[in-house]
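Asks: One structure follows; several queries about it will come next.
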Amino acid sequence: MSTINFANREINFKIVYYGPGLSGKTTNLKWIYGKIPEGRKGEMVSLATEDERTLFFDFLPLDLGEVKGFKTRFHLYTVPGQVFYNASRKLILRGVDGIVFVADSAPNRLRANAESMRNMRENLAEYGLKVEDVPVVLQVNKRDLPDALPVEMVRAVVDPEGRFPVFEAVATEGKGVFETLKEVSRLVLARVASGT
Amino acid sequence: MVEPSLVLYGAPYERAMAVLEETLRETGARYALFIDRKGFVLAHKEALWAPKPPPLDSLATLVAGNAAATQALAKLLGEARFQEVVHQGERMGLYVDEAGEHALLVLIFDESAPLGKVKLYGKRAASALAEITEEALANPPKLPLDTEYQEGAKALLDELLGN
């Protein structure tokens, strides 16, 4: 749920990048950090291991600007994708306003995609939330892999009902990164405006 | 939603600021922050003599993450909670205490502030802030998030991220 600071006239939203290990969540944030001009972003914080695997989370604050006299900010987080870091993943979901699920196109990660989505549903349930309660965008990443699975096949295992908007991406080159962020942000704004 | 939206403004905000200011004076700490458990800053105060603080967003995010991890650890050990956390380096220290269920008090101090004082007055401030939080949650203000706001924000999104 958004946090509003009337005194500073700020509205803050929390967006979490979820998905299996090495699917490209941190790469998304790094690309965004690299492209957003100074003054519209804060410092990027990465809690990672020595081999650059996310240990707890990455964090990047973005400043959208002022709307109706309120500074609007998006706080972007990633979760650690590796299976054994579930306790950390659960903590990051607290108070989430929108989710980008970053799926991996590699054939040998199909099952990991499905397991990560199941894990996300379970973790949301711990906060009394269903996946339908939170705006979710599906990003099918690594489309440049020579043996990348068809998007529909990836989608079939994480979103068989076809509920989430889908974006194809090559996060290392920035393809689809901004489009995904924009869509989840729009969904979050639409949801708060409708008062649900 | 399960997580209530914590909004501080008007009288509760002024009271929270007064608590932070008094705590800075009593403890000799540099910075006092009142943050929610999600890592957003609700109010903050700096001592007049203190140098520019580190980025508050990063600070609040890390403290909230740390507090969440500490609470999870307490539960694993069969404790309801570990109430306060203190980190001390050679020059700087950090004191974090629960201000009720939804918020945290953070005090950042240097070697000139005695830890005993920080803990004593920190605890008192946390309890005062907990009361203010409960009050704010019980009387949520009307939010300005209407369709006009949505359209304005969407235009800014286009400007920042491209069409």
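FYI, nothing fancy with the structure tokens labels: chains A, B, ... in order, residues from 1 per chain, ligands from 1 as they appear.
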Can you pull out every residue within 10 Å of Lys30 in chain A, counting only C-alpha atoms, but drop anything in the same chain fewer than 6 positions away, and send it as a list in words?

Replies: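 So, after excluding close chain neighbours, the residues are Gly24, Met44, Ser46, Asp58, Leu60, Ala171, Thr172 and Gly174 of chain A.
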
Asks: Store the residues picked out above in a file with C-alpha atoms, as an mmCIF file, in the first residue's frame.

Replies:
```cif
data_model
loop_
_atom_site.group_PDB
_atom_site.id
_atom_site.type_symbol
_atom_site.label_atom_id
_atom_site.label_comp_id
_atom_site.auth_asym_id
_atom_site.auth_seq_id
_atom_site.Cartn_x
_atom_site.Cartn_y
_atom_site.Cartn_z
ATOM 1 C CA GLY A 24 17.766 -10.670 -14.825
ATOM 2 C CA MET A 44 21.162 2.352 -5.886
ATOM 3 C CA SER A 46 22.733 -3.590 -3.667
ATOM 4 C CA ASP A 58 18.585 -4.209 -4.560
ATOM 5 C CA LEU A 60 16.523 2.103 -6.457
ATOM 6 C CA ALA A 171 17.571 -6.659 -20.120
ATOM 7 C CA THR A 172 21.332 -6.636 -20.775
ATOM 8 C CA GLY A 174 17.741 -2.538 -22.176
#
```

Asks: Could you please select, counting only C-alpha atoms, the residues of chain B within 6 Å of chain A and state them as a PyMOL selection string?

Replies: chain B and resi 3+5+7+9+145-147+150+152+161

Asks: List as a PDB file with all heavy atoms, in the first residue's frame the protein and nucleic acid residues near Arg15 in chain B, meaning an atom at most 9 Å away when only C-alpha atoms are counted, but skip any in the same chain fewer than 5 places from it.

Replies:
```
ATOM      1  N   GLY B  10      -0.601  17.144   9.688  1.00  0.00           N
ATOM      2  CA  GLY B  10      -1.283  17.965  10.679  1.00  0.00           C
ATOM      3  C   GLY B  10      -0.716  17.766  12.076  1.00  0.00           C
ATOM      4  O   GLY B  10       0.500  17.610  12.256  1.00  0.00           O
ATOM      5  N   LEU B  20      10.891  13.992  17.922  1.00  0.00           N
ATOM      6  CA  LEU B  20      12.223  13.788  17.325  1.00  0.00           C
ATOM      7  C   LEU B  20      13.186  14.898  17.769  1.00  0.00           C
ATOM      8  O   LEU B  20      14.343  14.638  18.121  1.00  0.00           O
ATOM      9  CB  LEU B  20      12.127  13.765  15.793  1.00  0.00           C
ATOM     10  CG  LEU B  20      11.327  12.623  15.155  1.00  0.00           C
ATOM     11  CD1 LEU B  20      11.392  12.712  13.625  1.00  0.00           C
ATOM     12  CD2 LEU B  20      11.829  11.259  15.604  1.00  0.00           C
ATOM     13  N   LEU B 129       6.052   7.814  19.930  1.00  0.00           N
ATOM     14  CA  LEU B 129       5.766   7.735  18.494  1.00  0.00           C
ATOM     15  C   LEU B 129       4.776   6.612  18.181  1.00  0.00           C
ATOM     16  O   LEU B 129       3.977   6.708  17.250  1.00  0.00           O
ATOM     17  CB  LEU B 129       7.067   7.529  17.712  1.00  0.00           C
ATOM     18  CG  LEU B 129       8.013   8.733  17.691  1.00  0.00           C
ATOM     19  CD1 LEU B 129       9.363   8.350  17.086  1.00  0.00           C
ATOM     20  CD2 LEU B 129       7.412   9.899  16.907  1.00  0.00           C
ATOM     21  N   ILE B 132       1.373   8.000  18.623  1.00  0.00           N
ATOM     22  CA  ILE B 132       1.027   8.884  17.501  1.00  0.00           C
ATOM     23  C   ILE B 132       0.648   8.051  16.277  1.00  0.00           C
ATOM     24  O   ILE B 132      -0.305   8.355  15.553  1.00  0.00           O
ATOM     25  CB  ILE B 132       2.215   9.826  17.187  1.00  0.00           C
ATOM     26  CG1 ILE B 132       2.446  10.774  18.368  1.00  0.00           C
ATOM     27  CG2 ILE B 132       1.982  10.602  15.900  1.00  0.00           C
ATOM     28  CD1 ILE B 132       3.705  11.603  18.287  1.00  0.00           C
TER      29      ILE B 132
END
```

Asks: Could you jot down the CA of Pro54 in chain B to CA of Tyr31 in chain B separation for me, Å, one decimal place?

Replies: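 We find that CA of Pro54 in chain B and CA of Tyr31 in chain B lie 10.1 Å from each other.
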
Asks: Might you pull out every residue within 12 Å of range 74-84 of chain B, with only C-alpha atoms counted and same-chain residues fewer than 5 positions away left off, and present them as a CSV table (one decimal) with all heavy atoms, in the first residue's frame?

Replies:
```csv
chain,number,residue,atom,x,y,z
A,87,ALA,N,13.3,-16.6,3.0
A,87,ALA,CA,13.0,-15.8,4.1
A,87,ALA,C,13.2,-14.3,3.8
A,87,ALA,O,12.3,-13.5,4.1
A,87,ALA,CB,13.8,-16.2,5.3
B,63,VAL,N,17.4,0.1,7.1
B,63,VAL,CA,17.0,-0.1,8.5
B,63,VAL,C,15.8,-1.0,8.5
B,63,VAL,O,15.7,-1.9,9.3
B,63,VAL,CB,16.8,1.2,9.2
B,63,VAL,CG1,16.0,1.0,10.5
B,63,VAL,CG2,18.1,1.9,9.4
B,66,ASN,N,16.7,-4.5,7.7
B,66,ASN,CA,17.4,-5.1,8.8
B,66,ASN,C,16.4,-5.4,10.0
B,66,ASN,O,16.5,-6.5,10.6
B,66,ASN,CB,18.4,-4.0,9.3
B,66,ASN,CG,19.5,-4.6,10.1
B,66,ASN,OD1,19.7,-5.8,10.2
B,66,ASN,ND2,20.3,-3.8,10.8
B,67,ALA,N,15.5,-4.5,10.2
B,67,ALA,CA,14.5,-4.7,11.3
B,67,ALA,C,13.6,-5.9,11.0
B,67,ALA,O,13.3,-6.7,11.9
B,67,ALA,CB,13.7,-3.5,11.5
B,68,ALA,N,13.2,-6.0,9.7
B,68,ALA,CA,12.4,-7.2,9.3
B,68,ALA,C,13.2,-8.5,9.5
B,68,ALA,O,12.6,-9.5,10.0
B,68,ALA,CB,12.0,-7.0,7.9
B,69,ALA,N,14.4,-8.5,9.2
B,69,ALA,CA,15.3,-9.7,9.3
B,69,ALA,C,15.5,-10.0,10.8
B,69,ALA,O,15.4,-11.2,11.2
B,69,ALA,CB,16.6,-9.5,8.6
B,94,LEU,N,24.2,3.6,15.5
B,94,LEU,CA,22.8,3.5,15.0
B,94,LEU,C,22.0,2.8,16.1
B,94,LEU,O,22.3,1.7,16.5
B,94,LEU,CB,22.8,2.8,13.7
B,94,LEU,CG,21.5,2.6,12.9
B,94,LEU,CD1,21.3,3.9,12.2
B,94,LEU,CD2,21.6,1.5,11.9
B,95,TYR,N,20.9,3.5,16.4
B,95,TYR,CA,19.9,2.9,17.4
B,95,TYR,C,18.6,2.8,16.7
B,95,TYR,O,18.1,3.8,16.1
B,95,TYR,CB,19.8,3.8,18.6
B,95,TYR,CG,18.8,3.4,19.6
B,95,TYR,CD1,19.0,2.5,20.6
B,95,TYR,CD2,17.5,3.9,19.5
B,95,TYR,CE1,18.0,2.1,21.5
B,95,TYR,CE2,16.5,3.6,20.4
B,95,TYR,CZ,16.7,2.7,21.4
B,95,TYR,OH,15.7,2.3,22.3
B,96,VAL,N,18.0,1.6,16.7
B,96,VAL,CA,16.7,1.4,16.1
B,96,VAL,C,15.7,0.8,17.1
B,96,VAL,O,16.1,-0.2,17.8
B,96,VAL,CB,16.8,0.4,14.9
B,96,VAL,CG1,15.4,0.3,14.2
B,96,VAL,CG2,17.8,1.0,13.8
B,97,ASP,N,14.6,1.3,17.3
B,97,ASP,CA,13.6,0.8,18.2
B,97,ASP,C,12.2,0.8,17.6
B,97,ASP,O,11.9,1.6,16.7
B,97,ASP,CB,13.6,1.6,19.5
B,97,ASP,CG,13.1,0.8,20.7
B,97,ASP,OD1,12.5,-0.3,20.5
B,97,ASP,OD2,13.3,1.2,21.8
B,98,GLU,N,11.4,-0.2,18.0
B,98,GLU,CA,10.1,-0.3,17.4
B,98,GLU,C,9.2,0.8,18.0
B,98,GLU,O,9.1,1.0,19.2
B,98,GLU,CB,9.4,-1.6,17.8
B,98,GLU,CG,10.1,-2.8,17.3
B,98,GLU,CD,9.3,-4.1,17.5
B,98,GLU,OE1,8.7,-4.2,18.6
B,98,GLU,OE2,9.4,-5.0,16.7
B,99,ALA,N,8.5,1.5,17.0
B,99,ALA,CA,7.5,2.5,17.5
B,99,ALA,C,6.1,1.8,17.2
B,99,ALA,O,5.5,2.2,16.2
B,99,ALA,CB,7.7,3.8,16.8
B,100,GLY,N,5.8,0.8,18.0
B,100,GLY,CA,4.6,0.1,17.7
B,100,GLY,C,4.8,-0.9,16.6
B,100,GLY,O,5.9,-1.2,16.2
B,101,GLU,N,3.6,-1.4,16.0
B,101,GLU,CA,3.7,-2.5,15.1
B,101,GLU,C,4.1,-2.0,13.7
B,101,GLU,O,4.5,-2.8,12.9
B,101,GLU,CB,2.2,-3.1,15.0
B,101,GLU,CG,2.2,-4.5,14.8
B,101,GLU,CD,0.7,-5.0,14.8
B,101,GLU,OE1,0.0,-4.7,15.8
B,101,GLU,OE2,0.3,-5.6,13.9
B,104,LEU,N,9.2,2.6,13.0
B,104,LEU,CA,10.5,2.4,13.7
B,104,LEU,C,11.0,3.8,13.9
B,104,LEU,O,10.9,4.7,13.1
B,104,LEU,CB,11.5,1.6,12.8
B,104,LEU,CG,11.1,0.2,12.4
B,104,LEU,CD1,12.0,-0.2,11.2
B,104,LEU,CD2,11.3,-0.7,13.6
B,105,LEU,N,11.7,3.9,15.1
B,105,LEU,CA,12.5,5.1,15.4
B,105,LEU,C,14.0,4.8,15.1
B,105,LEU,O,14.5,3.7,15.5
B,105,LEU,CB,12.3,5.5,16.8
B,105,LEU,CG,13.4,6.5,17.4
B,105,LEU,CD1,13.1,7.9,16.8
B,105,LEU,CD2,13.3,6.6,18.9
B,106,VAL,N,14.7,5.7,14.4
B,106,VAL,CA,16.1,5.5,14.1
B,106,VAL,C,16.8,6.7,14.6
B,106,VAL,O,16.5,7.9,14.3
B,106,VAL,CB,16.3,5.4,12.6
B,106,VAL,CG1,17.8,5.1,12.3
B,106,VAL,CG2,15.4,4.4,11.9
B,107,LEU,N,17.9,6.5,15.5
B,107,LEU,CA,18.7,7.6,15.9
B,107,LEU,C,20.1,7.3,15.5
B,107,LEU,O,20.6,6.2,15.6
B,107,LEU,CB,18.7,7.6,17.5
B,107,LEU,CG,17.4,8.0,18.1
B,107,LEU,CD1,17.5,7.9,19.6
B,107,LEU,CD2,16.9,9.4,17.7
B,118,VAL,N,21.2,7.6,24.7
B,118,VAL,CA,20.5,7.3,23.5
B,118,VAL,C,19.4,6.2,23.7
B,118,VAL,O,18.3,6.3,23.3
B,118,VAL,CB,21.5,6.8,22.4
B,118,VAL,CG1,20.8,6.2,21.2
B,118,VAL,CG2,22.4,7.9,22.0
B,119,LYS,N,19.8,5.2,24.5
B,119,LYS,CA,18.9,4.1,24.7
B,119,LYS,C,17.7,4.5,25.6
B,119,LYS,O,16.5,4.2,25.3
B,119,LYS,CB,19.6,2.9,25.4
B,119,LYS,CG,20.4,2.1,24.5
B,119,LYS,CD,20.9,0.9,25.3
B,119,LYS,CE,21.5,-0.2,24.4
B,119,LYS,NZ,21.9,-1.4,25.1
B,120,LEU,N,18.0,5.3,26.6
B,120,LEU,CA,17.0,5.7,27.6
B,120,LEU,C,16.0,6.6,26.9
B,120,LEU,O,14.8,6.3,26.9
B,120,LEU,CB,17.7,6.4,28.7
B,120,LEU,CG,16.7,7.0,29.8
B,120,LEU,CD1,16.1,5.9,30.6
B,120,LEU,CD2,17.5,8.0,30.7
B,122,GLY,N,15.7,7.2,23.7
B,122,GLY,CA,15.2,6.5,22.5
B,122,GLY,C,14.0,5.7,22.8
B,122,GLY,O,13.0,5.7,22.1
B,123,LYS,N,14.1,4.9,23.9
B,123,LYS,CA,12.9,4.1,24.2
B,123,LYS,C,11.7,4.9,24.5
B,123,LYS,O,10.6,4.6,24.1
B,123,LYS,CB,13.3,3.2,25.4
B,123,LYS,CG,12.5,2.0,25.6
B,123,LYS,CD,13.2,0.9,26.3
B,123,LYS,CE,14.2,0.1,25.4
B,123,LYS,NZ,13.6,-0.5,24.2
B,126,ALA,N,10.3,6.2,21.3
B,126,ALA,CA,9.7,5.2,20.5
B,126,ALA,C,8.2,4.9,21.0
B,126,ALA,O,7.3,4.7,20.2
B,126,ALA,CB,10.5,3.9,20.5
B,127,SER,N,8.1,5.0,22.3
B,127,SER,CA,6.8,4.7,22.9
B,127,SER,C,5.8,5.9,22.6
B,127,SER,O,4.7,5.7,22.2
B,127,SER,CB,6.9,4.4,24.4
B,127,SER,OG,6.0,5.1,25.1
```
